[in-house]
Amino acid sequence: MRSVRRTLRTLQGDLARDIALVLLADGIVGVSFGAITVSAGLPVWLPMLLSVLAFAGASQFLFVGIIAAGGNPVAAVLAGLLVNARHVPFGFAVGDVLGRGWRRWAGIHLMIDETVAFALAQREAERRRAAYWACGVGLFVCWNLGVVLGAVAGTVVSDTAALGLDAAFPAVLLALVLPSLRDKTTGAAALVGVAVALVATPVLPAGLPVLLALLALPIAFVLRGRLDEPAHVREEASCPSR
Amino acid sequence: MSEQVILLAAVVVLAAGTYALRACGPVLRERVRLPQRAEEAMTLAAVLLLAALVGTAALTEAGGFAGWARPAGVLVGGVLAWRKAPFVVVVLAAAGTAALLRLAGVP
């Protein structure tokens, strides 16, 4: 309980408000996921069980889309797993915020784009941990409540595009990674990665293009090696004036 | 087997597989002591993936172009974020721009 109180204290102010907005937006998307699935003629339990057990929005939409179109369940599973493959590198990046024991096994389940982005956007270890857990637990509750509401109530919010929520998701991630992208080498590598992913999108199955962005990783290191020395010199030169 | 049982099995396999993918990083990280450079590379990898997600989610839908309203909304949000506008303003402006453009008939 002490760690819960500590998390809440760390969260006061802007971070809590920012997370709350994402919870609201994703909750509404959850409503649409529930409604879309049931209105496609699939059983009511399907969106609810998927959301609790898989808890990965993009793969859920893809899975249901393939099943609803009469596709093979094996193909739906493989497509969903491919989309979720990015969680492997995510796990290496945020593994340190999960803690130990049962908490770590619960934290693993809460690993999604938003929690990773919120955690990486924080500088101090304590705030990283607090952001990860608050966003993760909050999203798990809101996403699942939304899905139940949508599945039971039907087509309340069948069109999240009318609300512009499809633009909100990339904007959330962009706002959270932008501070990292201001670093020139990271920014340059990210631009190359985005370009590779976009070129690959029409020809490769969903999930793979995003992973191909990792091809830009060596670029960042080559650039960094080249930029490192002048940066050091600059820093040292400006030190006395500080 | 009935269709519902097959569907249930598919959900369980997807969920178990997804959990395994998520667990890879945290479990393997603990076994090997990573040098500072590798830690940096992993954070960088996550940033690159998130950036690629932004790009593909903003511009594409089911392998094709998503239409103009969505990327326009994300662009407005991106410019505001670059100028250090509050997070809430960035997200609401992105959604609002896309919604208004669609109201005006832009796909």
# chains A, B, ... in the order shown; residues from 1 in each chain; ligands from 1
>>> residues_around(residues="Arg31 (chain B)", least_positions_apart="4", cutoff="12 Å", atoms="only C-alpha atoms", output="list in words")
Phe92 and Gly95 of chain A; Cys24, Gly25, Pro26 and Val27 of chain B
>>> closest_atom_pairs(of="region 107-220 of chain A", to="region 55-60 of chain B", cutoff="9 Å", atoms="only C-alpha atoms", output="CSV")
residue,atom,partner,partner_atom,distance
A:Asp166,CA,B:Ala58,CA,8.0
A:Ala167,CA,B:Ala58,CA,6.5
A:Phe169,CA,B:Ala57,CA,7.9
A:Pro170,CA,B:Ala58,CA,5.9
A:Ala171,CA,B:Ala58,CA,8.3
A:Val194,CA,B:Gly55,CA,5.8
A:Ala195,CA,B:Gly55,CA,8.2
A:Ala197,CA,B:Thr56,CA,6.9
A:Leu198,CA,B:Thr56,CA,6.0
A:Thr201,CA,B:Thr56,CA,7.5
A:Pro202,CA,B:Thr60,CA,8.7
A:Pro209,CA,B:Thr56,CA,8.4
A:Val210,CA,B:Thr56,CA,7.6
>>> write_last_selection(atoms="all heavy atoms", output="mmCIF file, in the first residue's frame")
data_model
loop_
_atom_site.group_PDB
_atom_site.id
_atom_site.type_symbol
_atom_site.label_atom_id
_atom_site.label_comp_id
_atom_site.auth_asym_id
_atom_site.auth_seq_id
_atom_site.Cartn_x
_atom_site.Cartn_y
_atom_site.Cartn_z
ATOM 1 N N ASP A 166 -8.836 8.965 -33.894
ATOM 2 C CA ASP A 166 -7.766 8.275 -34.615
ATOM 3 C C ASP A 166 -6.533 9.173 -34.748
ATOM 4 O O ASP A 166 -5.422 8.684 -34.920
ATOM 5 C CB ASP A 166 -8.254 7.811 -35.994
ATOM 6 C CG ASP A 166 -8.801 8.961 -36.813
ATOM 7 O OD1 ASP A 166 -9.368 9.905 -36.220
ATOM 8 O OD2 ASP A 166 -8.654 8.930 -38.045
ATOM 9 N N ALA A 167 -6.743 10.493 -34.668
ATOM 10 C CA ALA A 167 -5.603 11.414 -34.697
ATOM 11 C C ALA A 167 -5.031 11.605 -33.297
ATOM 12 O O ALA A 167 -3.874 11.992 -33.139
ATOM 13 C CB ALA A 167 -6.027 12.764 -35.277
ATOM 14 N N PHE A 169 -4.424 9.271 -30.970
ATOM 15 C CA PHE A 169 -3.437 8.237 -30.594
ATOM 16 C C PHE A 169 -2.019 8.574 -31.069
ATOM 17 O O PHE A 169 -1.087 8.642 -30.259
ATOM 18 C CB PHE A 169 -3.880 6.854 -31.099
ATOM 19 C CG PHE A 169 -2.846 5.779 -30.940
ATOM 20 C CD1 PHE A 169 -2.512 5.297 -29.690
ATOM 21 C CD2 PHE A 169 -2.182 5.272 -32.047
ATOM 22 C CE1 PHE A 169 -1.537 4.317 -29.541
ATOM 23 C CE2 PHE A 169 -1.213 4.293 -31.915
ATOM 24 C CZ PHE A 169 -0.891 3.817 -30.654
ATOM 25 N N PRO A 170 -1.827 8.857 -32.399
ATOM 26 C CA PRO A 170 -0.465 9.242 -32.798
ATOM 27 C C PRO A 170 -0.006 10.541 -32.135
ATOM 28 O O PRO A 170 1.188 10.683 -31.838
ATOM 29 C CB PRO A 170 -0.550 9.397 -34.323
ATOM 30 C CG PRO A 170 -1.950 9.170 -34.715
ATOM 31 C CD PRO A 170 -2.714 8.671 -33.546
ATOM 32 N N ALA A 171 -0.942 11.466 -31.883
ATOM 33 C CA ALA A 171 -0.556 12.745 -31.256
ATOM 34 C C ALA A 171 -0.063 12.518 -29.824
ATOM 35 O O ALA A 171 0.898 13.151 -29.387
ATOM 36 C CB ALA A 171 -1.725 13.717 -31.270
ATOM 37 N N VAL A 194 10.985 6.076 -39.602
ATOM 38 C CA VAL A 194 9.605 6.348 -40.029
ATOM 39 C C VAL A 194 9.480 6.151 -41.536
ATOM 40 O O VAL A 194 8.517 5.536 -42.020
ATOM 41 C CB VAL A 194 9.176 7.781 -39.629
ATOM 42 C CG1 VAL A 194 7.854 8.149 -40.277
ATOM 43 C CG2 VAL A 194 9.072 7.906 -38.118
ATOM 44 N N ALA A 195 10.473 6.657 -42.293
ATOM 45 C CA ALA A 195 10.433 6.523 -43.752
ATOM 46 C C ALA A 195 10.429 5.048 -44.158
ATOM 47 O O ALA A 195 9.637 4.626 -45.014
ATOM 48 C CB ALA A 195 11.626 7.246 -44.381
ATOM 49 N N ALA A 197 9.427 2.485 -42.363
ATOM 50 C CA ALA A 197 8.141 1.890 -41.976
ATOM 51 C C ALA A 197 7.039 2.266 -42.962
ATOM 52 O O ALA A 197 6.215 1.426 -43.335
ATOM 53 C CB ALA A 197 7.773 2.338 -40.564
ATOM 54 N N LEU A 198 7.032 3.541 -43.391
ATOM 55 C CA LEU A 198 5.978 3.995 -44.309
ATOM 56 C C LEU A 198 6.101 3.327 -45.681
ATOM 57 O O LEU A 198 5.097 2.911 -46.267
ATOM 58 C CB LEU A 198 6.045 5.518 -44.467
ATOM 59 C CG LEU A 198 5.492 6.317 -43.284
ATOM 60 C CD1 LEU A 198 5.718 7.803 -43.496
ATOM 61 C CD2 LEU A 198 4.011 6.026 -43.076
ATOM 62 N N THR A 201 4.854 -0.246 -45.386
ATOM 63 C CA THR A 201 3.460 -0.474 -44.981
ATOM 64 C C THR A 201 2.558 -1.075 -46.077
ATOM 65 O O THR A 201 1.815 -2.011 -45.795
ATOM 66 C CB THR A 201 2.844 0.814 -44.415
ATOM 67 O OG1 THR A 201 3.556 1.166 -43.224
ATOM 68 C CG2 THR A 201 1.374 0.623 -44.053
ATOM 69 N N PRO A 202 2.612 -0.569 -47.326
ATOM 70 C CA PRO A 202 1.698 -1.153 -48.329
ATOM 71 C C PRO A 202 2.043 -2.586 -48.711
ATOM 72 O O PRO A 202 1.190 -3.304 -49.210
ATOM 73 C CB PRO A 202 1.856 -0.228 -49.548
ATOM 74 C CG PRO A 202 2.577 0.973 -49.065
ATOM 75 C CD PRO A 202 3.382 0.553 -47.878
ATOM 76 N N PRO A 209 6.252 -3.483 -40.614
ATOM 77 C CA PRO A 209 6.848 -2.190 -40.997
ATOM 78 C C PRO A 209 7.388 -1.415 -39.793
ATOM 79 O O PRO A 209 8.485 -0.859 -39.853
ATOM 80 C CB PRO A 209 5.684 -1.446 -41.651
ATOM 81 C CG PRO A 209 4.804 -2.512 -42.189
ATOM 82 C CD PRO A 209 4.896 -3.632 -41.199
ATOM 83 N N VAL A 210 6.644 -1.401 -38.682
ATOM 84 C CA VAL A 210 7.101 -0.674 -37.497
ATOM 85 C C VAL A 210 8.410 -1.269 -36.978
ATOM 86 O O VAL A 210 9.335 -0.550 -36.609
ATOM 87 C CB VAL A 210 6.009 -0.698 -36.401
ATOM 88 C CG1 VAL A 210 6.563 -0.223 -35.075
ATOM 89 C CG2 VAL A 210 4.833 0.177 -36.814
#
>>> residues_around(residues="Ala95 (chain B)", least_positions_apart="4", cutoff="9 Å", atoms="only C-alpha atoms", output="PyMOL selection string")
(chain A and resi 161+163-169+171) or (chain B and resi 70+73-74+77+90-91+99-100)
>>> write_last_selection(atoms="all heavy atoms", output="mmCIF file, in the first residue's frame")
data_model
loop_
_atom_site.group_PDB
_atom_site.id
_atom_site.type_symbol
_atom_site.label_atom_id
_atom_site.label_comp_id
_atom_site.auth_asym_id
_atom_site.auth_seq_id
_atom_site.Cartn_x
_atom_site.Cartn_y
_atom_site.Cartn_z
ATOM 1 N N ALA A 161 -13.834 8.076 -35.576
ATOM 2 C CA ALA A 161 -13.194 8.990 -36.516
ATOM 3 C C ALA A 161 -13.885 10.352 -36.491
ATOM 4 O O ALA A 161 -13.243 11.383 -36.635
ATOM 5 C CB ALA A 161 -13.221 8.409 -37.922
ATOM 6 N N LEU A 163 -14.966 11.855 -34.023
ATOM 7 C CA LEU A 163 -14.439 12.603 -32.876
ATOM 8 C C LEU A 163 -12.952 12.926 -33.049
ATOM 9 O O LEU A 163 -12.352 13.583 -32.201
ATOM 10 C CB LEU A 163 -14.624 11.801 -31.588
ATOM 11 C CG LEU A 163 -16.062 11.523 -31.139
ATOM 12 C CD1 LEU A 163 -16.072 10.545 -29.975
ATOM 13 C CD2 LEU A 163 -16.747 12.812 -30.741
ATOM 14 N N GLY A 164 -12.356 12.430 -34.123
ATOM 15 C CA GLY A 164 -10.932 12.674 -34.355
ATOM 16 C C GLY A 164 -10.027 11.843 -33.463
ATOM 17 O O GLY A 164 -8.842 12.121 -33.348
ATOM 18 N N LEU A 165 -10.578 10.802 -32.839
ATOM 19 C CA LEU A 165 -9.770 10.019 -31.898
ATOM 20 C C LEU A 165 -8.660 9.232 -32.581
ATOM 21 O O LEU A 165 -7.656 8.894 -31.958
ATOM 22 C CB LEU A 165 -10.660 9.072 -31.087
ATOM 23 C CG LEU A 165 -11.518 9.761 -30.023
ATOM 24 C CD1 LEU A 165 -12.377 8.748 -29.298
ATOM 25 C CD2 LEU A 165 -10.636 10.496 -29.026
ATOM 26 N N ASP A 166 -8.836 8.965 -33.894
ATOM 27 C CA ASP A 166 -7.766 8.275 -34.615
ATOM 28 C C ASP A 166 -6.533 9.173 -34.748
ATOM 29 O O ASP A 166 -5.422 8.684 -34.920
ATOM 30 C CB ASP A 166 -8.254 7.811 -35.994
ATOM 31 C CG ASP A 166 -8.801 8.961 -36.813
ATOM 32 O OD1 ASP A 166 -9.368 9.905 -36.220
ATOM 33 O OD2 ASP A 166 -8.654 8.930 -38.045
ATOM 34 N N ALA A 167 -6.743 10.493 -34.668
ATOM 35 C CA ALA A 167 -5.603 11.414 -34.697
ATOM 36 C C ALA A 167 -5.031 11.605 -33.297
ATOM 37 O O ALA A 167 -3.874 11.992 -33.139
ATOM 38 C CB ALA A 167 -6.027 12.764 -35.277
ATOM 39 N N ALA A 168 -5.841 11.337 -32.274
ATOM 40 C CA ALA A 168 -5.378 11.528 -30.896
ATOM 41 C C ALA A 168 -4.280 10.525 -30.525
ATOM 42 O O ALA A 168 -3.299 10.890 -29.883
ATOM 43 C CB ALA A 168 -6.538 11.409 -29.921
ATOM 44 N N PHE A 169 -4.424 9.271 -30.970
ATOM 45 C CA PHE A 169 -3.437 8.237 -30.594
ATOM 46 C C PHE A 169 -2.019 8.574 -31.069
ATOM 47 O O PHE A 169 -1.087 8.642 -30.259
ATOM 48 C CB PHE A 169 -3.880 6.854 -31.099
ATOM 49 C CG PHE A 169 -2.846 5.779 -30.940
ATOM 50 C CD1 PHE A 169 -2.512 5.297 -29.690
ATOM 51 C CD2 PHE A 169 -2.182 5.272 -32.047
ATOM 52 C CE1 PHE A 169 -1.537 4.317 -29.541
ATOM 53 C CE2 PHE A 169 -1.213 4.293 -31.915
ATOM 54 C CZ PHE A 169 -0.891 3.817 -30.654
ATOM 55 N N ALA A 171 -0.942 11.466 -31.883
ATOM 56 C CA ALA A 171 -0.556 12.745 -31.256
ATOM 57 C C ALA A 171 -0.063 12.518 -29.824
ATOM 58 O O ALA A 171 0.898 13.151 -29.387
ATOM 59 C CB ALA A 171 -1.725 13.717 -31.270
ATOM 60 N N ARG B 70 -6.734 12.961 -40.702
ATOM 61 C CA ARG B 70 -5.953 12.421 -39.590
ATOM 62 C C ARG B 70 -4.522 12.969 -39.556
ATOM 63 O O ARG B 70 -4.099 13.514 -38.538
ATOM 64 C CB ARG B 70 -5.946 10.892 -39.631
ATOM 65 C CG ARG B 70 -5.388 10.287 -38.333
ATOM 66 C CD ARG B 70 -5.039 8.831 -38.484
ATOM 67 N NE ARG B 70 -6.196 8.019 -38.809
ATOM 68 C CZ ARG B 70 -6.107 6.732 -39.150
ATOM 69 N NH1 ARG B 70 -4.927 6.148 -39.202
ATOM 70 N NH2 ARG B 70 -7.186 6.056 -39.444
ATOM 71 N N GLY B 73 -4.466 16.543 -38.459
ATOM 72 C CA GLY B 73 -4.656 16.674 -37.013
ATOM 73 C C GLY B 73 -3.367 16.371 -36.253
ATOM 74 O O GLY B 73 -2.979 17.115 -35.350
ATOM 75 N N VAL B 74 -2.695 15.294 -36.667
ATOM 76 C CA VAL B 74 -1.448 14.913 -35.988
ATOM 77 C C VAL B 74 -0.381 15.986 -36.210
ATOM 78 O O VAL B 74 0.385 16.318 -35.298
ATOM 79 C CB VAL B 74 -0.940 13.536 -36.482
ATOM 80 C CG1 VAL B 74 0.382 13.174 -35.826
ATOM 81 C CG2 VAL B 74 -1.987 12.459 -36.196
ATOM 82 N N GLY B 77 -1.033 18.836 -33.909
ATOM 83 C CA GLY B 77 -0.581 18.422 -32.574
ATOM 84 C C GLY B 77 0.938 18.435 -32.468
ATOM 85 O O GLY B 77 1.500 18.895 -31.476
ATOM 86 N N VAL B 90 -2.129 19.672 -26.998
ATOM 87 C CA VAL B 90 -1.642 18.938 -28.168
ATOM 88 C C VAL B 90 -2.659 17.884 -28.611
ATOM 89 O O VAL B 90 -3.055 17.826 -29.781
ATOM 90 C CB VAL B 90 -0.293 18.243 -27.838
ATOM 91 C CG1 VAL B 90 0.111 17.280 -28.948
ATOM 92 C CG2 VAL B 90 0.794 19.282 -27.608
ATOM 93 N N VAL B 91 -3.107 17.083 -27.648
ATOM 94 C CA VAL B 91 -3.992 15.958 -27.984
ATOM 95 C C VAL B 91 -5.372 16.451 -28.427
ATOM 96 O O VAL B 91 -5.925 15.983 -29.432
ATOM 97 C CB VAL B 91 -4.120 15.003 -26.771
ATOM 98 C CG1 VAL B 91 -5.087 13.879 -27.083
ATOM 99 C CG2 VAL B 91 -2.746 14.439 -26.419
ATOM 100 N N ALA B 99 -11.463 16.099 -36.452
ATOM 101 C CA ALA B 99 -12.933 16.062 -36.388
ATOM 102 C C ALA B 99 -13.549 17.187 -37.214
ATOM 103 O O ALA B 99 -14.494 16.970 -37.972
ATOM 104 C CB ALA B 99 -13.391 16.146 -34.936
ATOM 105 N N LEU B 100 -12.999 18.409 -37.093
ATOM 106 C CA LEU B 100 -13.540 19.556 -37.826
ATOM 107 C C LEU B 100 -13.352 19.391 -39.332
ATOM 108 O O LEU B 100 -14.257 19.702 -40.119
ATOM 109 C CB LEU B 100 -12.871 20.853 -37.355
ATOM 110 C CG LEU B 100 -13.354 21.377 -35.994
ATOM 111 C CD1 LEU B 100 -12.579 22.614 -35.584
ATOM 112 C CD2 LEU B 100 -14.861 21.685 -36.046
#
>>> residues_around(residues="Ala56 (chain A)", least_positions_apart="4", cutoff="10 Å", atoms="only C-alpha atoms", output="mmCIF file with N, CA and C atoms, in the first residue's frame")
data_model
loop_
_atom_site.group_PDB
_atom_site.id
_atom_site.type_symbol
_atom_site.label_atom_id
_atom_site.label_comp_id
_atom_site.auth_asym_id
_atom_site.auth_seq_id
_atom_site.Cartn_x
_atom_site.Cartn_y
_atom_site.Cartn_z
ATOM 1 N N LEU A 50 -10.870 -10.797 -24.962
ATOM 2 C CA LEU A 50 -9.662 -10.323 -25.643
ATOM 3 C C LEU A 50 -9.047 -9.147 -24.891
ATOM 4 N N SER A 51 -9.900 -8.219 -24.455
ATOM 5 C CA SER A 51 -9.399 -7.002 -23.818
ATOM 6 C C SER A 51 -8.765 -7.282 -22.465
ATOM 7 N N VAL A 52 -9.329 -8.239 -21.720
ATOM 8 C CA VAL A 52 -8.759 -8.581 -20.410
ATOM 9 C C VAL A 52 -7.478 -9.392 -20.592
ATOM 10 N N GLN A 60 -5.979 -6.384 -31.128
ATOM 11 C CA GLN A 60 -7.383 -6.775 -30.941
ATOM 12 C C GLN A 60 -8.226 -6.382 -32.158
ATOM 13 N N PHE A 61 -8.032 -5.152 -32.639
ATOM 14 C CA PHE A 61 -8.776 -4.699 -33.823
ATOM 15 C C PHE A 61 -8.461 -5.587 -35.027
ATOM 16 N N GLY A 80 -2.030 -10.985 -35.062
ATOM 17 C CA GLY A 80 -2.037 -10.281 -33.781
ATOM 18 C C GLY A 80 -0.685 -10.351 -33.094
ATOM 19 N N VAL A 83 1.846 -8.025 -34.764
ATOM 20 C CA VAL A 83 1.646 -6.633 -34.354
ATOM 21 C C VAL A 83 2.203 -6.412 -32.941
ATOM 22 N N ASN A 84 2.134 -7.427 -32.102
ATOM 23 C CA ASN A 84 2.591 -7.275 -30.715
ATOM 24 C C ASN A 84 4.085 -7.551 -30.526
ATOM 25 N N HIS A 109 1.996 -7.386 -18.016
ATOM 26 C CA HIS A 109 0.718 -7.399 -18.738
ATOM 27 C C HIS A 109 0.271 -5.981 -19.117
ATOM 28 N N LEU A 110 0.757 -4.976 -18.384
ATOM 29 C CA LEU A 110 0.323 -3.595 -18.607
ATOM 30 C C LEU A 110 1.197 -2.865 -19.625
ATOM 31 N N MET A 111 2.133 -3.608 -20.258
ATOM 32 C CA MET A 111 3.054 -3.001 -21.205
ATOM 33 C C MET A 111 2.359 -2.738 -22.537
ATOM 34 N N ILE A 112 2.061 -1.473 -22.803
ATOM 35 C CA ILE A 112 1.488 -1.102 -24.099
ATOM 36 C C ILE A 112 2.125 0.212 -24.548
ATOM 37 N N ASP A 113 1.830 0.603 -25.791
ATOM 38 C CA ASP A 113 2.478 1.789 -26.358
ATOM 39 C C ASP A 113 2.432 2.980 -25.404
ATOM 40 N N PHE A 140 -5.931 -0.202 -18.172
ATOM 41 C CA PHE A 140 -6.535 -1.534 -18.094
ATOM 42 C C PHE A 140 -7.996 -1.413 -17.656
ATOM 43 N N TRP A 143 -10.025 0.848 -20.472
ATOM 44 C CA TRP A 143 -10.163 0.115 -21.740
ATOM 45 C C TRP A 143 -11.207 -0.986 -21.588
ATOM 46 N N ALA B 15 -3.401 -14.262 -26.416
ATOM 47 C CA ALA B 15 -3.104 -13.634 -25.123
ATOM 48 C C ALA B 15 -1.813 -14.202 -24.525
ATOM 49 N N THR B 18 1.166 -12.988 -26.538
ATOM 50 C CA THR B 18 1.419 -11.573 -26.288
ATOM 51 C C THR B 18 2.114 -11.391 -24.943
#
>>> atom_distance(atom1="CA of Glu30 (chain B)", atom2="CA of Ala125 (chain A)")
17.2 Å
>>> residues_around(residues="region 41-48 of chain A", least_positions_apart="5", cutoff="7 Å", atoms="only C-alpha atoms", output="PyMOL selection string")
chain A and resi 34+144+147-148+151
>>> residues_around(residues="Gly105 (chain B)", least_positions_apart="6", cutoff="12 Å", atoms="only C-alpha atoms", output="list in words")
Ala162 of chain A; Gly67, Trp68, Ala69, Ala98 and Ala99 of chain B
>>> residues_around(residues="Leu223 (chain A)", least_positions_apart="5", cutoff="10 Å", atoms="only C-alpha atoms", output="PDB file with N, CA and C atoms, in the first residue's frame")
ATOM      1  N   LYS A 184      19.619  15.514 -31.877  1.00  0.00           N
ATOM      2  CA  LYS A 184      19.789  15.462 -33.344  1.00  0.00           C
ATOM      3  C   LYS A 184      19.970  14.053 -33.886  1.00  0.00           C
ATOM      4  N   THR A 185      20.823  13.246 -33.229  1.00  0.00           N
ATOM      5  CA  THR A 185      21.073  11.904 -33.762  1.00  0.00           C
ATOM      6  C   THR A 185      19.819  11.032 -33.652  1.00  0.00           C
ATOM      7  N   THR A 186      19.128  11.135 -32.516  1.00  0.00           N
ATOM      8  CA  THR A 186      17.897  10.358 -32.348  1.00  0.00           C
ATOM      9  C   THR A 186      16.861  10.799 -33.377  1.00  0.00           C
ATOM     10  N   ALA A 188      17.314  12.206 -36.314  1.00  0.00           N
ATOM     11  CA  ALA A 188      17.678  11.785 -37.670  1.00  0.00           C
ATOM     12  C   ALA A 188      17.381  10.305 -37.869  1.00  0.00           C
ATOM     13  N   ALA A 189      17.761   9.485 -36.875  1.00  0.00           N
ATOM     14  CA  ALA A 189      17.503   8.047 -36.970  1.00  0.00           C
ATOM     15  C   ALA A 189      15.999   7.773 -37.026  1.00  0.00           C
ATOM     16  N   PRO A 218      21.472   1.478 -36.072  1.00  0.00           N
ATOM     17  CA  PRO A 218      22.915   1.709 -36.270  1.00  0.00           C
ATOM     18  C   PRO A 218      23.220   3.128 -36.732  1.00  0.00           C
ATOM     19  N   ASP A 228      29.983  12.948 -31.272  1.00  0.00           N
ATOM     20  CA  ASP A 228      30.336  12.932 -29.852  1.00  0.00           C
ATOM     21  C   ASP A 228      31.430  13.922 -29.490  1.00  0.00           C
TER      22      ASP A 228
END
>>> closest_residue(among="A:Val88, A:Cys135, A:Leu191, A:Val203", to="Arg17 (chain A)", atoms="only C-alpha atoms")
A:Cys135
>>> select_by_dssp(residues="region 127-237 of chain A", states="alpha helix (DSSP H)", output="VMD selection string")
chain A and resid 127 to 153 165 to 181 184 to 200 208 to 212 217 to 237
>>> atom_distance(atom1="CA of Pro73 (chain A)", atom2="CA of Leu7 (chain B)")
6.8 Å
>>> closest_residue(among="B:Ala93, B:Ala46, B:Leu101, B:Ala66", to="chain A", atoms="only C-alpha atoms")
B:Ala46
>>> closest_residue(among="B:Ala23, B:Val11, B:Val32, B:Ala94", to="Leu80 (chain B)", atoms="only C-alpha atoms")
B:Ala94
>>> closest_residue(among="A:Val199, A:Leu81, A:Ala134, A:Ala106", to="chain B", atoms="only C-alpha atoms")
A:Leu81
>>> closest_residue(among="A:Val38, A:Val137, A:Val152, A:Leu82", to="chain B", atoms="only C-alpha atoms")
A:Leu82
>>> atom_distance(atom1="CA of Leu23 (chain A)", atom2="CA of Pro89 (chain A)")
23.9 Å
>>> select_by_dssp(residues="region 1-101 of chain B", states="strand (DSSP E or B)", output="list in words")
Thr60, Glu61, Gly64 and Phe65 of chain B
>>> closest_residue(among="A:Arg182, A:Arg6, A:Arg123, A:Arg103", to="chain B", atoms="only C-alpha atoms")
A:Arg182
